[in-house]
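A quick write-up on the structure given underneath.
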Amino acid sequence: MNKPHLTIVVPTFKEAANVPILLEQVHSALKGYPFDVLVIDDNSPDGTADIVRRFSEQFHANVIVRTDKRGLASAVVDGFNAAKGKLIGVMDADLQHPPEVMSRLVATVNQTAADIVIASRYVPGGSVGNWSFIRKLISRGAVFLAHLLLPSTRGIKDPMSGCFLFRREVISGVGLSPVGYKILLEVICLGRSTKTVEVPYVFENRRAGTTKLSMITQTDYLRHLVSLMRRTGELRRMLKFIGVGLSGSVVNLSLIALLREAVGFNYLLAGAIAFEISVIWNFMLNDRFTFSDRKRDGSKFISRLWRFNTTSLGGFIIYVCLLAALTELIGLHYILSAAVGIIAAFGWNFFINSTWTWK
Ligand code: GDD
Ligand code: MN
């Protein structure tokens, strides 16, 4: 069998105690497979780079020391650019990703048509180990947000994994510029991949030293999501959806006034008719304009219209319930309650339509 060369990119900052164990374990896990390890170190004061150099021959390892930049994600991107393998892997130095997993990733990419293979904590057989409830919740919430806002992550259970492997063509010519440290999100959203496979693993405890990632990285994560939404066109889609919604409100208000004043309908009847017509108006615009690229499943116009209608009705019920509940139960000013209701209904409408009506 022809075995494409693998370069394993390992970002490090102050991992002197872990690196020798990592290199040795990777070496024995990949025995017989052509690979090299490329450590990207941000000039760690504990001599991480020297240790890599010492083991360079024995364990096929090289180190690039950066003095001008710092940060996990940019280190990994620099590693991608310097990697010589046809396959590029990424893993942490602290042994939270067991080296044995890397050999399973390689086997998978060579045995399937996958071009990205992810070591996943969230497929059967995988786990996050002994995390606290709060940490689990934050992690799940982060995955949920990614699925909501970045459609290309939707089939993927662990799009935040720090351990993965891909064929080099996936990112060739693609400009990656992660904001925080979720480099895999960049590869999934911007890379040219046709098939992604997840392989289960258990996230181990850090072998030595401490994590370099703080709570600040959580706000980085949100900025990263927005940046990816912008670069993949999802932000533009959301703005179109808002624009269409605003135009629908004008239609709604004009019609209710017209039906009430000129035709003489009861205001509730006028309101109901105006609501339905504005829903159809919104649907037509969104179908042609906001989600024009999303009809690939060959869904029928009429069933999309039906789903949009149902979703809008749900949004309307959310709006009315919040308006009443916040005003009556919490004593919020009704204008504030209405504003909260509008935002919640908007969120509902956008996400249900984007995952169901035009999936
Ligand atoms: N070059 C470089 N520069 N490397 C860094 C830097 C930096 O500024 N900060 C951290 N690293 C290296 C660490 O030395 C380690 O090898 C790896 O990046 C992961 O850093 P940790 O500090 O151990 O991160 P973590 O364990 O909290 O997070 C890991 O798990 C997350 C999933 O829960 C990472 O793999 C994340 O990418 C992953 O999302
Ligand atoms: Mn770690």
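So you can find residues: chains in the structure tokens are A, B, ... in the order shown, residues in each start at 1, and ligands are numbered from 1 in order.
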*Counting only C-alpha atoms and all ligand atoms, name the residues that have an atom within 8 Å of an atom of ligand 2; the answer should be given as number ranges by chain.*
A: 92-96, 205-206, 210-212
With N, CA and C atoms retained, write the just-selected residues as a short mmCIF file (atom, residue, chain, number, x, y, z; two decimals), in the first residue's frame.
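The resulting file, result_5.cif, is shown below:
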data_model
loop_
_atom_site.label_atom_id
_atom_site.label_comp_id
_atom_site.auth_asym_id
_atom_site.auth_seq_id
_atom_site.Cartn_x
_atom_site.Cartn_y
_atom_site.Cartn_z
N ASP A 92 -2.05 18.26 20.49
CA ASP A 92 -1.43 19.02 21.57
C ASP A 92 -0.22 18.27 22.12
N ALA A 93 0.64 19.03 22.82
CA ALA A 93 1.86 18.43 23.36
C ALA A 93 1.66 17.83 24.73
N ASP A 94 0.54 18.12 25.37
CA ASP A 94 0.42 17.78 26.80
C ASP A 94 -0.17 16.38 27.04
N LEU A 95 -0.28 15.59 25.97
CA LEU A 95 -0.75 14.20 26.04
C LEU A 95 -2.23 14.07 26.40
N GLN A 96 -2.95 15.18 26.24
CA GLN A 96 -4.41 15.07 26.38
C GLN A 96 -4.99 14.33 25.18
N ASN A 205 -6.29 13.68 30.98
CA ASN A 205 -5.83 14.81 31.78
C ASN A 205 -4.46 15.26 31.26
N ARG A 206 -4.18 16.54 31.45
CA ARG A 206 -2.89 17.09 31.09
C ARG A 206 -1.78 16.35 31.86
N THR A 210 0.42 23.53 33.03
CA THR A 210 -0.97 23.99 33.14
C THR A 210 -1.47 24.45 31.78
N THR A 211 -2.80 24.56 31.67
CA THR A 211 -3.38 25.01 30.41
C THR A 211 -3.02 26.47 30.16
N LYS A 212 -2.90 26.82 28.87
CA LYS A 212 -2.55 28.19 28.51
C LYS A 212 -3.81 28.95 28.11
#
All residues 12 Å or closer to Ser56 (chain A), only C-alpha atoms, same chain fewer than 6 positions away omitted, as a compact mmCIF listing (two decimals) with C-alpha atoms, in the first residue's frame:
# COMPACT_ATOMS: atom_id res chain seq x y z
CA VAL A 19 7.50 16.87 24.83
CA PRO A 20 9.94 13.94 25.30
CA LEU A 23 7.71 12.31 20.84
CA GLU A 24 8.50 8.84 22.12
CA HIS A 27 7.13 7.39 17.42
CA ASP A 36 7.62 13.67 10.95
CA VAL A 37 6.66 15.84 13.90
CA LEU A 38 6.80 19.60 13.45
CA VAL A 39 6.80 21.46 16.75
CA ALA A 49 12.71 23.82 21.66
CA ASP A 50 16.11 22.50 22.81
CA ASN A 62 11.78 19.33 13.97
CA VAL A 63 11.09 22.58 15.70
Using only C-alpha atoms and all ligand atoms, what table do you get, as JSON lines, when you list each residue of chain A with an atom no more than 9 Å from ligand 1, its nearest pair of atoms, and their distance in Å rounded to one decimal, rows by chain then rising number?
{"residue": "A:Val10", "atom": "CA", "partner": "ligand 1", "partner_atom_place_in_ligand_line": "16 (O)", "distance": 6.4}
{"residue": "A:Pro11", "atom": "CA", "partner": "ligand 1", "partner_atom_place_in_ligand_line": "4 (N)", "distance": 4.0}
{"residue": "A:Thr12", "atom": "CA", "partner": "ligand 1", "partner_atom_place_in_ligand_line": "14 (O)", "distance": 3.4}
{"residue": "A:Phe13", "atom": "CA", "partner": "ligand 1", "partner_atom_place_in_ligand_line": "14 (O)", "distance": 4.0}
{"residue": "A:Lys14", "atom": "CA", "partner": "ligand 1", "partner_atom_place_in_ligand_line": "14 (O)", "distance": 6.0}
{"residue": "A:Glu15", "atom": "CA", "partner": "ligand 1", "partner_atom_place_in_ligand_line": "14 (O)", "distance": 5.5}
{"residue": "A:Asn18", "atom": "CA", "partner": "ligand 1", "partner_atom_place_in_ligand_line": "16 (O)", "distance": 8.8}
{"residue": "A:Val19", "atom": "CA", "partner": "ligand 1", "partner_atom_place_in_ligand_line": "16 (O)", "distance": 8.7}
{"residue": "A:Val39", "atom": "CA", "partner": "ligand 1", "partner_atom_place_in_ligand_line": "1 (N)", "distance": 8.1}
{"residue": "A:Ile40", "atom": "CA", "partner": "ligand 1", "partner_atom_place_in_ligand_line": "1 (N)", "distance": 5.2}
{"residue": "A:Asp41", "atom": "CA", "partner": "ligand 1", "partner_atom_place_in_ligand_line": "1 (N)", "distance": 4.3}
{"residue": "A:Asp42", "atom": "CA", "partner": "ligand 1", "partner_atom_place_in_ligand_line": "1 (N)", "distance": 4.6}
{"residue": "A:Asn43", "atom": "CA", "partner": "ligand 1", "partner_atom_place_in_ligand_line": "1 (N)", "distance": 8.1}
{"residue": "A:Ser44", "atom": "CA", "partner": "ligand 1", "partner_atom_place_in_ligand_line": "1 (N)", "distance": 8.4}
{"residue": "A:Val65", "atom": "CA", "partner": "ligand 1", "partner_atom_place_in_ligand_line": "1 (N)", "distance": 8.4}
{"residue": "A:Arg66", "atom": "CA", "partner": "ligand 1", "partner_atom_place_in_ligand_line": "1 (N)", "distance": 7.7}
{"residue": "A:Lys69", "atom": "CA", "partner": "ligand 1", "partner_atom_place_in_ligand_line": "3 (N)", "distance": 8.2}
{"residue": "A:Arg70", "atom": "CA", "partner": "ligand 1", "partner_atom_place_in_ligand_line": "8 (O)", "distance": 4.7}
{"residue": "A:Gly71", "atom": "CA", "partner": "ligand 1", "partner_atom_place_in_ligand_line": "8 (O)", "distance": 3.2}
{"residue": "A:Leu72", "atom": "CA", "partner": "ligand 1", "partner_atom_place_in_ligand_line": "6 (C)", "distance": 4.0}
{"residue": "A:Ala73", "atom": "CA", "partner": "ligand 1", "partner_atom_place_in_ligand_line": "3 (N)", "distance": 7.6}
{"residue": "A:Ser74", "atom": "CA", "partner": "ligand 1", "partner_atom_place_in_ligand_line": "3 (N)", "distance": 7.8}
{"residue": "A:Ala75", "atom": "CA", "partner": "ligand 1", "partner_atom_place_in_ligand_line": "1 (N)", "distance": 4.9}
{"residue": "A:Val76", "atom": "CA", "partner": "ligand 1", "partner_atom_place_in_ligand_line": "1 (N)", "distance": 7.4}
{"residue": "A:Val90", "atom": "CA", "partner": "ligand 1", "partner_atom_place_in_ligand_line": "35 (O)", "distance": 8.9}
{"residue": "A:Met91", "atom": "CA", "partner": "ligand 1", "partner_atom_place_in_ligand_line": "35 (O)", "distance": 6.9}
{"residue": "A:Asp92", "atom": "CA", "partner": "ligand 1", "partner_atom_place_in_ligand_line": "16 (O)", "distance": 3.8}
{"residue": "A:Ala93", "atom": "CA", "partner": "ligand 1", "partner_atom_place_in_ligand_line": "16 (O)", "distance": 3.7}
{"residue": "A:Asp94", "atom": "CA", "partner": "ligand 1", "partner_atom_place_in_ligand_line": "16 (O)", "distance": 5.3}
{"residue": "A:Leu95", "atom": "CA", "partner": "ligand 1", "partner_atom_place_in_ligand_line": "16 (O)", "distance": 8.2}
{"residue": "A:Gln96", "atom": "CA", "partner": "ligand 1", "partner_atom_place_in_ligand_line": "26 (O)", "distance": 6.9}
{"residue": "A:His97", "atom": "CA", "partner": "ligand 1", "partner_atom_place_in_ligand_line": "35 (O)", "distance": 8.0}
{"residue": "A:Val128", "atom": "CA", "partner": "ligand 1", "partner_atom_place_in_ligand_line": "33 (O)", "distance": 8.1}
{"residue": "A:Ser139", "atom": "CA", "partner": "ligand 1", "partner_atom_place_in_ligand_line": "33 (O)", "distance": 7.2}
{"residue": "A:Pro159", "atom": "CA", "partner": "ligand 1", "partner_atom_place_in_ligand_line": "39 (O)", "distance": 8.7}
{"residue": "A:Met160", "atom": "CA", "partner": "ligand 1", "partner_atom_place_in_ligand_line": "39 (O)", "distance": 4.9}
{"residue": "A:Ser161", "atom": "CA", "partner": "ligand 1", "partner_atom_place_in_ligand_line": "39 (O)", "distance": 5.2}
{"residue": "A:Gly162", "atom": "CA", "partner": "ligand 1", "partner_atom_place_in_ligand_line": "35 (O)", "distance": 3.6}
{"residue": "A:Cys163", "atom": "CA", "partner": "ligand 1", "partner_atom_place_in_ligand_line": "35 (O)", "distance": 6.6}
{"residue": "A:Tyr181", "atom": "CA", "partner": "ligand 1", "partner_atom_place_in_ligand_line": "37 (O)", "distance": 5.6}
{"residue": "A:Lys182", "atom": "CA", "partner": "ligand 1", "partner_atom_place_in_ligand_line": "37 (O)", "distance": 5.5}
{"residue": "A:Ile183", "atom": "CA", "partner": "ligand 1", "partner_atom_place_in_ligand_line": "37 (O)", "distance": 7.0}
{"residue": "A:Leu184", "atom": "CA", "partner": "ligand 1", "partner_atom_place_in_ligand_line": "37 (O)", "distance": 8.2}
{"residue": "A:Phe203", "atom": "CA", "partner": "ligand 1", "partner_atom_place_in_ligand_line": "33 (O)", "distance": 8.2}
{"residue": "A:Asn205", "atom": "CA", "partner": "ligand 1", "partner_atom_place_in_ligand_line": "26 (O)", "distance": 8.5}
{"residue": "A:Arg206", "atom": "CA", "partner": "ligand 1", "partner_atom_place_in_ligand_line": "23 (O)", "distance": 6.9}
{"residue": "A:Gly209", "atom": "CA", "partner": "ligand 1", "partner_atom_place_in_ligand_line": "23 (O)", "distance": 8.6}
{"residue": "A:Thr210", "atom": "CA", "partner": "ligand 1", "partner_atom_place_in_ligand_line": "22 (O)", "distance": 6.6}
{"residue": "A:Thr211", "atom": "CA", "partner": "ligand 1", "partner_atom_place_in_ligand_line": "22 (O)", "distance": 3.4}
{"residue": "A:Lys212", "atom": "CA", "partner": "ligand 1", "partner_atom_place_in_ligand_line": "22 (O)", "distance": 3.6}
{"residue": "A:Leu213", "atom": "CA", "partner": "ligand 1", "partner_atom_place_in_ligand_line": "22 (O)", "distance": 4.9}
{"residue": "A:Ser214", "atom": "CA", "partner": "ligand 1", "partner_atom_place_in_ligand_line": "27 (O)", "distance": 7.6}
Mind running region 197-303 of chain A against region 165-177 of chain A at 12 Å and telling me each contacting residue's nearest atom pair with the distance in Å (one decimal), counting only C-alpha atoms, chain and number ascending, as JSON lines?
{"residue": "A:Val197", "atom": "CA", "partner": "A:Leu165", "partner_atom": "CA", "distance": 10.1}
{"residue": "A:Glu198", "atom": "CA", "partner": "A:Leu165", "partner_atom": "CA", "distance": 10.3}
{"residue": "A:Val199", "atom": "CA", "partner": "A:Leu165", "partner_atom": "CA", "distance": 10.8}
{"residue": "A:His224", "atom": "CA", "partner": "A:Ser177", "partner_atom": "CA", "distance": 9.3}
{"residue": "A:Leu225", "atom": "CA", "partner": "A:Ser177", "partner_atom": "CA", "distance": 11.9}
{"residue": "A:Ser227", "atom": "CA", "partner": "A:Ser177", "partner_atom": "CA", "distance": 9.2}
{"residue": "A:Leu228", "atom": "CA", "partner": "A:Ser177", "partner_atom": "CA", "distance": 9.2}
{"residue": "A:Arg231", "atom": "CA", "partner": "A:Ser177", "partner_atom": "CA", "distance": 10.1}
{"residue": "A:Thr232", "atom": "CA", "partner": "A:Leu176", "partner_atom": "CA", "distance": 11.9}
_Write out as number ranges by chain the set of residues from region 161-318 of chain A that DSSP, computed on the backbone, places in strand (DSSP E or B)._
A: 164-167, 196-200, 202
*Would you list, as JSON, numbers by chain, the residues of region 41-221 of chain A that end up in alpha helix (DSSP H) under DSSP run on this structure's backbone?*
{"A": [48, 49, 50, 51, 52, 53, 54, 56, 57, 58, 59, 72, 73, 74, 75, 76, 77, 78, 79, 80, 81, 82, 99, 100, 101, 102, 103, 104, 105, 106, 107, 108, 109, 110, 111, 133, 134, 135, 136, 137, 138, 139, 140, 141, 142, 143, 144, 145, 146, 147, 148, 149, 183, 184, 185, 186, 187, 188, 189, 190, 216, 217, 218, 219, 220, 221]}
*Kindly indicate which residue among A:Ser337, A:Ser152, A:Thr112, A:Ser127 lies nearest to Val187 (chain A), using only C-alpha atoms for the distances.*
A:Ser152
*Using only C-alpha atoms, which of A:Gln58, A:Gln218, A:Thr327, A:Asn252 sits nearest Ile138 (chain A)?*
A:Gln218
